[in-house]
Amino acid sequence: MTDKIRKETKKLIDQALDKLYAYLRFPTISAQHTAIHETVDFVKEMIEELGGEVKILDDCGGNPVIYACFEAGEKADSTKTLLFYNHYDVQPPEPLEEWVTPPFEPTLIGDILYARGTSDNKGSLLTRLLAIRVLQSLDGGLPCQVKFLIEGEEEVGSPSLEGYLQKYQDLFQSDACIWEFGSKDEKERVVMDAGIKGMAYFEITCTGEDIDMHSSLGAYVDNAAWRLVQALSSMKNKENEILVEGFFDGITEPTLREKEVVKTLPFDKDTIAKIYGLKRPLITESKEKDPRIAMVFEPTMTICGMYSGYTGEGSKTVLPKQAKAKLDCRLVLGQDPEHVRDCIRVHLDKEGFTDVQIELINGQKAYRSDYDHPFLSLVKKSAEDAYQSDIVLWPNSAGTGPMYLFGENLSLPIVSTGVGWVESKAHAPNESIRIKDFEDCAVHMAYIMKGFSKALDQ
């Protein structure tokens, strides 16, 4: 049967790519509220063409959430349900001048398809729909029931998703979930994640005056930019230790099994340094700490951006009226974003920065599946068969998404895997996927569905 799946995938891939091209042409930018409803209509039409039931949910605010359901075939196990999570929104394409091809005109160069959304996340959705089409062609039906939740606000932090999951919990109830992203690494290994870190994203503001002033007045007027820098430096020392009291409250320590798994996973420091052009040693080296352990099991505090005063060419001698910083904290299992915000507020007050304002812009909790759940074994084994390459399954990603909401409301194991590659450049100019990866990913999705019911019965 596996050979039949691969042959049928090759037969149907051109049709799937035509759909993907059309899908990619929608500039579905949630941050700019563009092409939302047109994209929803297109996705609805694609699913209905495959015989799926579709409901457009739009009564809990925000962009619509798409529910889809494909029933199991007559001779299949209809008691088991696999859920796919995807999103139809994409990041803005800027800076436009760095694109080698138009961001919303899919362009194939060799085996590489360029366009915004190829990897994150429209390409992955089409591999899943292609896998459904393949199984329908071979068996006249699916080997299990399949559902989709496709949202349109992932790229702005999924602010409305919790309301939909709470209200429509019964509608989305399933036995396991395949998450939205995944890629190959620099050595062509397929990298998947069984969980995700949380995040608390802040805007921190210090305001000193009503207007920018002549910098000579810095002799007696305080400087908002310096004050913000001092406030930030009070929260983390030169050894990269977070100094905010209560920041680590509630953390669920990883199990010995989880630590052992992480220590066996690949990490090539020299390759990482080369890819990103690192100019300084890894911050884990001074403490002789395993960077894999830090990446998976330890929280972070990162200044993502700062703005104050004059930042144009040449000189302009001003004492800035205001300074702002964007701060993100990647959280681990057990941490709560609002508690972290409250701890930072108390810390700033205690350190004498009562005038420095902090706003929680986006908060999400971490989630991790049971690494020994049979669903994880199925996903990994089927990936080995589909890709014929090494597979790396991390207990959780170092990145963030709304996975906790699914685990909290639906109580199911989740694995994230997708169609990306090491040069996919999601969120950056020249986002891309490779056609061979698209084909293999569709085969992988079909293999998962084929073995799903049996794996869960073990």
# chains A, B, ... in the order shown; residues from 1 in each chain; ligands from 1
$ select_by_dssp --residues "stretch 233-452 of chain A" --states "helix (DSSP H, G or I)" --output "number ranges by chain"
A: 233, 256-263, 269-276, 285-287, 291-297, 337-350, 374-387, 403-410, 435-452
$ select_by_dssp --residues "stretch 342-383 of chain A" --states "strand (DSSP E or B)" --output "JSON, numbers by chain"
{"A": [357, 358, 359, 360, 361, 362, 363, 364, 367, 368]}
$ closest_residue --among "A:Tyr21, A:Tyr371, A:Phe297, A:Phe148" --to "A:Tyr114" --atoms "only C-alpha atoms"
A:Tyr21
$ closest_residue --among "A:Pro413, A:Val190, A:Gly163, A:Cys343" --to "A:Lys381" --atoms "only C-alpha atoms"
A:Val190
$ residues_around --residues "stretch 354-365 of chain A" --least-positions-apart "4" --cutoff "10 Å" --atoms "only C-alpha atoms" --output "compact mmCIF listing (two decimals) with N, CA and C atoms, in the first residue's frame"
# COMPACT_ATOMS: atom_id res chain seq x y z
N VAL A 156 -0.60 36.97 14.30
CA VAL A 156 -0.74 38.09 15.24
C VAL A 156 -1.03 37.57 16.65
N GLY A 157 -0.66 36.31 16.92
CA GLY A 157 -0.76 35.78 18.27
C GLY A 157 -2.03 35.04 18.60
N SER A 158 -2.88 34.74 17.62
CA SER A 158 -4.11 33.95 17.82
C SER A 158 -4.98 34.51 18.96
N PRO A 159 -5.27 35.81 18.97
CA PRO A 159 -6.00 36.39 20.11
C PRO A 159 -7.43 35.89 20.26
N ILE A 196 5.75 22.92 22.58
CA ILE A 196 6.11 24.28 22.17
C ILE A 196 6.33 25.13 23.41
N LYS A 197 7.22 26.09 23.32
CA LYS A 197 7.40 27.03 24.43
C LYS A 197 6.28 28.07 24.44
N GLY A 198 6.05 28.64 25.59
CA GLY A 198 5.11 29.75 25.69
C GLY A 198 5.84 31.07 25.48
N MET A 199 5.10 32.17 25.62
CA MET A 199 5.72 33.48 25.42
C MET A 199 4.95 34.55 26.17
N ALA A 200 5.72 35.51 26.68
CA ALA A 200 5.15 36.76 27.19
C ALA A 200 5.87 37.88 26.45
N TYR A 201 5.13 38.58 25.59
CA TYR A 201 5.73 39.63 24.75
C TYR A 201 5.27 40.99 25.26
N PHE A 202 6.23 41.85 25.58
CA PHE A 202 5.94 43.12 26.23
C PHE A 202 6.40 44.31 25.40
N GLU A 203 5.71 45.43 25.61
CA GLU A 203 6.23 46.73 25.20
C GLU A 203 6.51 47.51 26.47
N ILE A 204 7.73 47.97 26.62
CA ILE A 204 8.15 48.70 27.82
C ILE A 204 8.46 50.14 27.40
N THR A 205 7.88 51.09 28.10
CA THR A 205 7.95 52.50 27.69
C THR A 205 8.39 53.38 28.85
N CYS A 206 9.31 54.28 28.54
CA CYS A 206 9.72 55.30 29.50
C CYS A 206 9.50 56.66 28.85
N THR A 207 8.71 57.52 29.47
CA THR A 207 8.42 58.86 28.96
C THR A 207 8.97 59.90 29.93
N GLY A 208 9.79 60.82 29.40
CA GLY A 208 10.41 61.84 30.26
C GLY A 208 9.84 63.21 30.12
N ALA A 224 15.18 59.78 28.86
CA ALA A 224 14.27 58.63 28.82
C ALA A 224 14.96 57.38 28.28
N ARG A 227 17.29 55.95 30.91
CA ARG A 227 16.50 55.39 32.00
C ARG A 227 15.91 54.03 31.60
N LEU A 228 15.47 53.92 30.36
CA LEU A 228 14.94 52.63 29.89
C LEU A 228 16.06 51.58 29.86
N ALA A 231 16.64 50.44 33.31
CA ALA A 231 15.56 49.57 33.77
C ALA A 231 15.72 48.16 33.20
N ALA A 323 11.29 56.60 25.21
CA ALA A 323 12.03 55.42 24.73
C ALA A 323 11.15 54.20 24.90
N LYS A 324 11.20 53.30 23.91
CA LYS A 324 10.40 52.08 23.93
C LYS A 324 11.29 50.88 23.64
N ALA A 325 10.93 49.77 24.23
CA ALA A 325 11.61 48.50 23.94
C ALA A 325 10.58 47.40 23.80
N LYS A 326 10.84 46.48 22.88
CA LYS A 326 10.05 45.27 22.74
C LYS A 326 10.83 44.15 23.43
N LEU A 327 10.15 43.45 24.33
CA LEU A 327 10.80 42.42 25.13
C LEU A 327 10.00 41.13 25.02
N ASP A 328 10.66 40.03 24.67
CA ASP A 328 9.94 38.75 24.69
C ASP A 328 10.60 37.77 25.63
N CYS A 329 9.77 37.08 26.37
CA CYS A 329 10.21 36.03 27.27
C CYS A 329 9.62 34.72 26.77
N ARG A 330 10.48 33.80 26.37
CA ARG A 330 10.01 32.47 25.99
C ARG A 330 9.86 31.65 27.27
N LEU A 331 8.66 31.14 27.48
CA LEU A 331 8.32 30.50 28.74
C LEU A 331 8.30 28.99 28.61
N VAL A 332 8.53 28.30 29.70
CA VAL A 332 8.51 26.84 29.71
C VAL A 332 7.29 26.36 30.47
N LEU A 333 7.13 25.05 30.47
CA LEU A 333 5.96 24.43 31.06
C LEU A 333 5.74 24.92 32.50
N GLY A 334 4.54 25.38 32.78
CA GLY A 334 4.18 25.81 34.12
C GLY A 334 4.21 27.31 34.33
N GLN A 335 4.92 28.06 33.49
CA GLN A 335 4.96 29.51 33.64
C GLN A 335 3.70 30.15 33.07
N ASP A 336 3.30 31.26 33.68
CA ASP A 336 2.09 31.97 33.27
C ASP A 336 2.47 33.38 32.81
N PRO A 337 2.09 33.79 31.60
CA PRO A 337 2.50 35.11 31.08
C PRO A 337 2.06 36.27 31.96
N GLU A 338 0.87 36.21 32.51
CA GLU A 338 0.39 37.32 33.34
C GLU A 338 1.16 37.39 34.65
N VAL A 340 4.29 36.49 34.98
CA VAL A 340 5.58 37.06 34.60
C VAL A 340 5.47 38.58 34.49
N ARG A 341 4.39 39.07 33.86
CA ARG A 341 4.18 40.52 33.76
C ARG A 341 4.13 41.15 35.15
N ASP A 342 3.38 40.54 36.06
CA ASP A 342 3.24 41.09 37.41
C ASP A 342 4.58 41.10 38.14
N ILE A 344 7.56 41.35 36.75
CA ILE A 344 8.39 42.42 36.17
C ILE A 344 7.93 43.77 36.69
N ARG A 345 6.62 43.95 36.83
CA ARG A 345 6.10 45.21 37.36
C ARG A 345 6.61 45.45 38.79
N VAL A 346 6.52 44.42 39.62
CA VAL A 346 7.01 44.53 40.99
C VAL A 346 8.52 44.81 41.00
N HIS A 347 9.25 44.13 40.12
CA HIS A 347 10.70 44.33 40.04
C HIS A 347 11.04 45.77 39.68
N LEU A 348 10.38 46.31 38.68
CA LEU A 348 10.66 47.68 38.25
C LEU A 348 10.36 48.67 39.38
N ASP A 349 9.26 48.46 40.06
CA ASP A 349 8.90 49.34 41.17
C ASP A 349 9.95 49.27 42.28
N LYS A 350 10.36 48.04 42.59
CA LYS A 350 11.34 47.84 43.66
C LYS A 350 12.68 48.49 43.32
N THR A 400 7.10 29.40 19.62
CA THR A 400 5.84 29.57 20.32
C THR A 400 4.66 29.52 19.36
N GLY A 401 3.54 29.04 19.85
CA GLY A 401 2.28 29.02 19.12
C GLY A 401 1.17 28.67 20.10
N PRO A 402 -0.07 28.64 19.64
CA PRO A 402 -1.20 28.43 20.55
C PRO A 402 -1.48 26.97 20.88
N MET A 403 -0.44 26.14 20.97
CA MET A 403 -0.63 24.71 21.21
C MET A 403 -1.25 24.42 22.57
N TYR A 404 -0.91 25.24 23.57
CA TYR A 404 -1.45 25.03 24.91
C TYR A 404 -2.98 25.04 24.90
N LEU A 405 -3.56 25.90 24.08
CA LEU A 405 -5.02 26.01 24.02
C LEU A 405 -5.64 24.70 23.54
$ residues_around --residues "A:Gln136" --least-positions-apart "6" --cutoff "12 Å" --atoms "only C-alpha atoms" --output "number ranges by chain"
A: 5, 8-9, 12, 50-52, 70-74, 76, 129-130, 142-144, 446, 449-450
$ write_last_selection --atoms "N, CA and C atoms" --output "tab-separated table (two decimals), in the first residue's frame"
chain	number	residue	atom	x	y	z
A	5	ILE	N	0.58	4.56	-2.41
A	5	ILE	CA	0.40	5.94	-1.93
A	5	ILE	C	1.40	6.87	-2.61
A	8	GLU	N	0.45	7.31	-6.32
A	8	GLU	CA	-0.74	8.15	-6.49
A	8	GLU	C	-0.43	9.60	-6.16
A	9	THR	N	0.46	9.84	-5.20
A	9	THR	CA	0.87	11.20	-4.88
A	9	THR	C	1.55	11.85	-6.07
A	12	LEU	N	-1.01	12.90	-8.64
A	12	LEU	CA	-1.92	14.00	-8.30
A	12	LEU	C	-1.22	15.28	-7.89
A	50	LEU	N	-13.19	18.24	-2.18
A	50	LEU	CA	-12.72	16.92	-1.77
A	50	LEU	C	-13.78	16.15	-0.98
A	51	GLY	N	-14.96	16.74	-0.84
A	51	GLY	CA	-16.04	16.06	-0.15
A	51	GLY	C	-16.10	16.32	1.34
A	52	GLY	N	-15.35	17.30	1.81
A	52	GLY	CA	-15.35	17.61	3.23
A	52	GLY	C	-16.50	18.52	3.62
A	70	PHE	N	-13.74	15.35	7.35
A	70	PHE	CA	-13.82	14.30	6.34
A	70	PHE	C	-14.14	13.00	7.06
A	71	GLU	N	-15.23	12.37	6.70
A	71	GLU	CA	-15.64	11.15	7.36
A	71	GLU	C	-14.78	9.96	6.91
A	72	ALA	N	-14.65	8.99	7.80
A	72	ALA	CA	-13.93	7.76	7.46
A	72	ALA	C	-14.72	6.96	6.44
A	73	GLY	N	-14.02	6.16	5.67
A	73	GLY	CA	-14.68	5.30	4.70
A	73	GLY	C	-15.56	4.25	5.37
A	74	GLU	N	-16.42	3.63	4.60
A	74	GLU	CA	-17.39	2.69	5.13
A	74	GLU	C	-16.73	1.52	5.87
A	76	ALA	N	-13.72	1.62	7.26
A	76	ALA	CA	-12.65	2.12	8.11
A	76	ALA	C	-13.12	2.29	9.55
A	129	LEU	N	-4.22	18.18	2.34
A	129	LEU	CA	-5.35	17.97	1.43
A	129	LEU	C	-4.98	17.00	0.31
A	130	LEU	N	-3.74	17.09	-0.17
A	130	LEU	CA	-3.28	16.14	-1.19
A	130	LEU	C	-3.29	14.72	-0.64
A	142	LEU	N	-11.40	7.46	3.65
A	142	LEU	CA	-10.28	7.63	4.56
A	142	LEU	C	-10.25	6.51	5.61
A	143	PRO	N	-9.07	6.17	6.11
A	143	PRO	CA	-8.96	5.12	7.12
A	143	PRO	C	-9.36	5.56	8.52
A	144	CYS	N	-9.64	6.83	8.72
A	144	CYS	CA	-10.10	7.36	10.00
A	144	CYS	C	-10.84	8.67	9.71
A	446	ALA	N	-0.26	10.95	4.50
A	446	ALA	CA	-1.07	9.79	4.13
A	446	ALA	C	-0.69	8.57	4.98
A	449	MET	N	-2.27	8.90	8.46
A	449	MET	CA	-3.69	8.58	8.47
A	449	MET	C	-3.91	7.08	8.29
A	450	LYS	N	-3.08	6.45	7.47
A	450	LYS	CA	-3.24	5.01	7.21
A	450	LYS	C	-3.01	4.19	8.47
$ residues_around --residues "A:Gln388" --least-positions-apart "2" --cutoff "12 Å" --atoms "only C-alpha atoms" --output "list in words"
Glu188, Arg189, Val190, Lys380, Lys381, Ser382, Ala383, Glu384, Asp385, Ala386, Asp390, Ile391, Asp437, Asp440, Cys441, Val443 and His444 of chain A
$ write_last_selection --atoms "C-alpha atoms" --output "PDB file, in the first residue's frame"
ATOM      1  CA  GLU A 188      18.501  17.143   5.628  1.00  0.00           C
ATOM      2  CA  ARG A 189      17.088  15.597   8.793  1.00  0.00           C
ATOM      3  CA  VAL A 190      13.333  15.997   9.280  1.00  0.00           C
ATOM      4  CA  LYS A 380       8.181   9.362  13.684  1.00  0.00           C
ATOM      5  CA  LYS A 381       8.071   5.894  12.061  1.00  0.00           C
ATOM      6  CA  SER A 382       5.856   7.083   9.201  1.00  0.00           C
ATOM      7  CA  ALA A 383       8.243  10.001   8.597  1.00  0.00           C
ATOM      8  CA  GLU A 384      11.166   7.601   8.342  1.00  0.00           C
ATOM      9  CA  ASP A 385       9.242   5.616   5.724  1.00  0.00           C
ATOM     10  CA  ALA A 386       8.095   8.682   3.793  1.00  0.00           C
ATOM     11  CA  ASP A 390      16.930  10.655   9.668  1.00  0.00           C
ATOM     12  CA  ILE A 391      14.143  11.993  11.880  1.00  0.00           C
ATOM     13  CA  ASP A 437       9.705  18.028   0.168  1.00  0.00           C
ATOM     14  CA  ASP A 440       7.318  13.619   0.640  1.00  0.00           C
ATOM     15  CA  CYS A 441       5.327  15.583   3.211  1.00  0.00           C
ATOM     16  CA  VAL A 443       3.170  10.940   1.559  1.00  0.00           C
ATOM     17  CA  HIS A 444       3.993  11.313   5.252  1.00  0.00           C
TER      18      HIS A 444
END
$ closest_atom_pairs --of "stretch 138-220 of chain A" --to "stretch 32-49 of chain A" --cutoff "12 Å" --atoms "only C-alpha atoms" --output "tab-separated table"
residue	atom	partner	partner_atom	distance
A:Val146	CA	A:Ile47	CA	11.8
A:Lys147	CA	A:Ile47	CA	10.9
A:Phe148	CA	A:Ile47	CA	9.9
A:Leu149	CA	A:Val43	CA	11.6
A:Ile150	CA	A:Val43	CA	9.1
A:Glu151	CA	A:Val40	CA	9.4
A:Gly152	CA	A:Ile36	CA	7.5
A:Glu153	CA	A:His33	CA	9.8
A:Glu155	CA	A:Gln32	CA	10.8
A:Val156	CA	A:Gln32	CA	10.0
$ closest_residue --among "A:Leu108, A:Ser411, A:Ser389, A:Glu162" --to "A:Arg368" --atoms "only C-alpha atoms"
A:Ser411
$ closest_atom_pairs --of "stretch 118-167 of chain A" --to "stretch 426-434 of chain A" --cutoff "9 Å" --atoms "only C-alpha atoms" --output "CSV"
residue,atom,partner,partner_atom,distance
A:Thr118,CA,A:Ser432,CA,5.5
A:Ser119,CA,A:Ile433,CA,5.8
A:Asp120,CA,A:Ala426,CA,5.9
A:Asn121,CA,A:Ala426,CA,8.9
A:Gly123,CA,A:Ile433,CA,7.8
$ write_last_selection --atoms "C-alpha atoms" --output "mmCIF file, in the first residue's frame"
data_model
loop_
_atom_site.group_PDB
_atom_site.id
_atom_site.type_symbol
_atom_site.label_atom_id
_atom_site.label_comp_id
_atom_site.auth_asym_id
_atom_site.auth_seq_id
_atom_site.Cartn_x
_atom_site.Cartn_y
_atom_site.Cartn_z
ATOM 1 C CA THR A 118 4.902 28.582 0.970
ATOM 2 C CA SER A 119 6.380 27.229 4.193
ATOM 3 C CA ASP A 120 4.358 29.155 6.763
ATOM 4 C CA ASN A 121 1.709 27.828 6.414
ATOM 5 C CA GLY A 123 2.152 24.756 1.721
#
$ decode --residues "stretch 419-448 of chain A" --atoms "N, CA and C atoms" --output "PDB file, in the first residue's frame"
ATOM      1  N   VAL A 419       6.354  21.235   5.855  1.00  0.00           N
ATOM      2  CA  VAL A 419       6.930  21.101   4.524  1.00  0.00           C
ATOM      3  C   VAL A 419       8.198  21.943   4.332  1.00  0.00           C
ATOM      4  N   GLY A 420       8.702  22.567   5.398  1.00  0.00           N
ATOM      5  CA  GLY A 420       9.825  23.485   5.244  1.00  0.00           C
ATOM      6  C   GLY A 420      11.169  22.791   5.059  1.00  0.00           C
ATOM      7  N   TRP A 421      12.191  23.616   4.762  1.00  0.00           N
ATOM      8  CA  TRP A 421      13.570  23.148   4.692  1.00  0.00           C
ATOM      9  C   TRP A 421      14.449  24.198   5.344  1.00  0.00           C
ATOM     10  N   VAL A 422      15.737  23.944   5.440  1.00  0.00           N
ATOM     11  CA  VAL A 422      16.610  24.821   6.212  1.00  0.00           C
ATOM     12  C   VAL A 422      16.671  26.232   5.623  1.00  0.00           C
ATOM     13  N   GLU A 423      16.408  26.381   4.332  1.00  0.00           N
ATOM     14  CA  GLU A 423      16.438  27.692   3.689  1.00  0.00           C
ATOM     15  C   GLU A 423      15.030  28.245   3.410  1.00  0.00           C
ATOM     16  N   SER A 424      14.019  27.759   4.122  1.00  0.00           N
ATOM     17  CA  SER A 424      12.650  28.212   3.856  1.00  0.00           C
ATOM     18  C   SER A 424      12.441  29.696   4.142  1.00  0.00           C
ATOM     19  N   LYS A 425      13.155  30.247   5.123  1.00  0.00           N
ATOM     20  CA  LYS A 425      13.098  31.673   5.443  1.00  0.00           C
ATOM     21  C   LYS A 425      11.679  32.144   5.766  1.00  0.00           C
ATOM     22  N   ALA A 426      10.983  31.371   6.581  1.00  0.00           N
ATOM     23  CA  ALA A 426       9.659  31.799   7.028  1.00  0.00           C
ATOM     24  C   ALA A 426       9.784  33.140   7.751  1.00  0.00           C
ATOM     25  N   HIS A 427       8.858  34.045   7.484  1.00  0.00           N
ATOM     26  CA  HIS A 427       8.800  35.408   8.022  1.00  0.00           C
ATOM     27  C   HIS A 427       9.802  36.350   7.350  1.00  0.00           C
ATOM     28  N   ALA A 428      10.663  35.844   6.506  1.00  0.00           N
ATOM     29  CA  ALA A 428      11.683  36.675   5.867  1.00  0.00           C
ATOM     30  C   ALA A 428      11.416  36.765   4.366  1.00  0.00           C
ATOM     31  N   PRO A 429      12.100  37.682   3.656  1.00  0.00           N
ATOM     32  CA  PRO A 429      12.002  37.708   2.198  1.00  0.00           C
ATOM     33  C   PRO A 429      12.463  36.385   1.596  1.00  0.00           C
ATOM     34  N   ASN A 430      11.906  36.060   0.427  1.00  0.00           N
ATOM     35  CA  ASN A 430      12.268  34.867  -0.348  1.00  0.00           C
ATOM     36  C   ASN A 430      11.929  33.567   0.367  1.00  0.00           C
ATOM     37  N   GLU A 431      10.781  33.550   1.026  1.00  0.00           N
ATOM     38  CA  GLU A 431      10.271  32.329   1.641  1.00  0.00           C
ATOM     39  C   GLU A 431      10.074  31.276   0.556  1.00  0.00           C
ATOM     40  N   SER A 432      10.359  30.007   0.908  1.00  0.00           N
ATOM     41  CA  SER A 432      10.303  28.980  -0.137  1.00  0.00           C
ATOM     42  C   SER A 432      10.095  27.591   0.448  1.00  0.00           C
ATOM     43  N   ILE A 433       9.705  26.671  -0.430  1.00  0.00           N
ATOM     44  CA  ILE A 433       9.734  25.238  -0.156  1.00  0.00           C
ATOM     45  C   ILE A 433      10.314  24.552  -1.387  1.00  0.00           C
ATOM     46  N   ARG A 434      10.648  23.271  -1.232  1.00  0.00           N
ATOM     47  CA  ARG A 434      11.108  22.475  -2.364  1.00  0.00           C
ATOM     48  C   ARG A 434      10.010  21.492  -2.755  1.00  0.00           C
ATOM     49  N   ILE A 435       9.859  21.275  -4.050  1.00  0.00           N
ATOM     50  CA  ILE A 435       8.777  20.419  -4.549  1.00  0.00           C
ATOM     51  C   ILE A 435       8.928  18.992  -4.043  1.00  0.00           C
ATOM     52  N   LYS A 436      10.159  18.490  -3.976  1.00  0.00           N
ATOM     53  CA  LYS A 436      10.367  17.126  -3.462  1.00  0.00           C
ATOM     54  C   LYS A 436       9.908  17.019  -2.009  1.00  0.00           C
ATOM     55  N   ASP A 437      10.163  18.044  -1.219  1.00  0.00           N
ATOM     56  CA  ASP A 437       9.705  18.028   0.168  1.00  0.00           C
ATOM     57  C   ASP A 437       8.182  18.070   0.243  1.00  0.00           C
ATOM     58  N   PHE A 438       7.564  18.829  -0.651  1.00  0.00           N
ATOM     59  CA  PHE A 438       6.102  18.907  -0.710  1.00  0.00           C
ATOM     60  C   PHE A 438       5.516  17.520  -0.970  1.00  0.00           C
ATOM     61  N   GLU A 439       6.110  16.806  -1.909  1.00  0.00           N
ATOM     62  CA  GLU A 439       5.640  15.459  -2.242  1.00  0.00           C
ATOM     63  C   GLU A 439       5.835  14.504  -1.065  1.00  0.00           C
ATOM     64  N   ASP A 440       7.035  14.526  -0.479  1.00  0.00           N
ATOM     65  CA  ASP A 440       7.318  13.619   0.640  1.00  0.00           C
ATOM     66  C   ASP A 440       6.439  13.926   1.853  1.00  0.00           C
ATOM     67  N   CYS A 441       6.172  15.196   2.079  1.00  0.00           N
ATOM     68  CA  CYS A 441       5.327  15.583   3.211  1.00  0.00           C
ATOM     69  C   CYS A 441       3.903  15.069   3.020  1.00  0.00           C
ATOM     70  N   ALA A 442       3.392  15.130   1.786  1.00  0.00           N
ATOM     71  CA  ALA A 442       2.055  14.593   1.504  1.00  0.00           C
ATOM     72  C   ALA A 442       2.025  13.082   1.744  1.00  0.00           C
ATOM     73  N   VAL A 443       3.084  12.382   1.316  1.00  0.00           N
ATOM     74  CA  VAL A 443       3.170  10.940   1.559  1.00  0.00           C
ATOM     75  C   VAL A 443       3.180  10.661   3.056  1.00  0.00           C
ATOM     76  N   HIS A 444       3.935  11.469   3.792  1.00  0.00           N
ATOM     77  CA  HIS A 444       3.993  11.313   5.252  1.00  0.00           C
ATOM     78  C   HIS A 444       2.605  11.463   5.878  1.00  0.00           C
ATOM     79  N   MET A 445       1.866  12.490   5.454  1.00  0.00           N
ATOM     80  CA  MET A 445       0.528  12.699   6.006  1.00  0.00           C
ATOM     81  C   MET A 445      -0.386  11.506   5.706  1.00  0.00           C
ATOM     82  N   ALA A 446      -0.260  10.953   4.496  1.00  0.00           N
ATOM     83  CA  ALA A 446      -1.071   9.788   4.131  1.00  0.00           C
ATOM     84  C   ALA A 446      -0.693   8.568   4.976  1.00  0.00           C
ATOM     85  N   TYR A 447       0.603   8.380   5.204  1.00  0.00           N
ATOM     86  CA  TYR A 447       1.050   7.259   6.041  1.00  0.00           C
ATOM     87  C   TYR A 447       0.503   7.384   7.467  1.00  0.00           C
ATOM     88  N   ILE A 448       0.509   8.614   8.001  1.00  0.00           N
ATOM     89  CA  ILE A 448      -0.017   8.823   9.354  1.00  0.00           C
ATOM     90  C   ILE A 448      -1.489   8.425   9.418  1.00  0.00           C
TER      91      ILE A 448
END
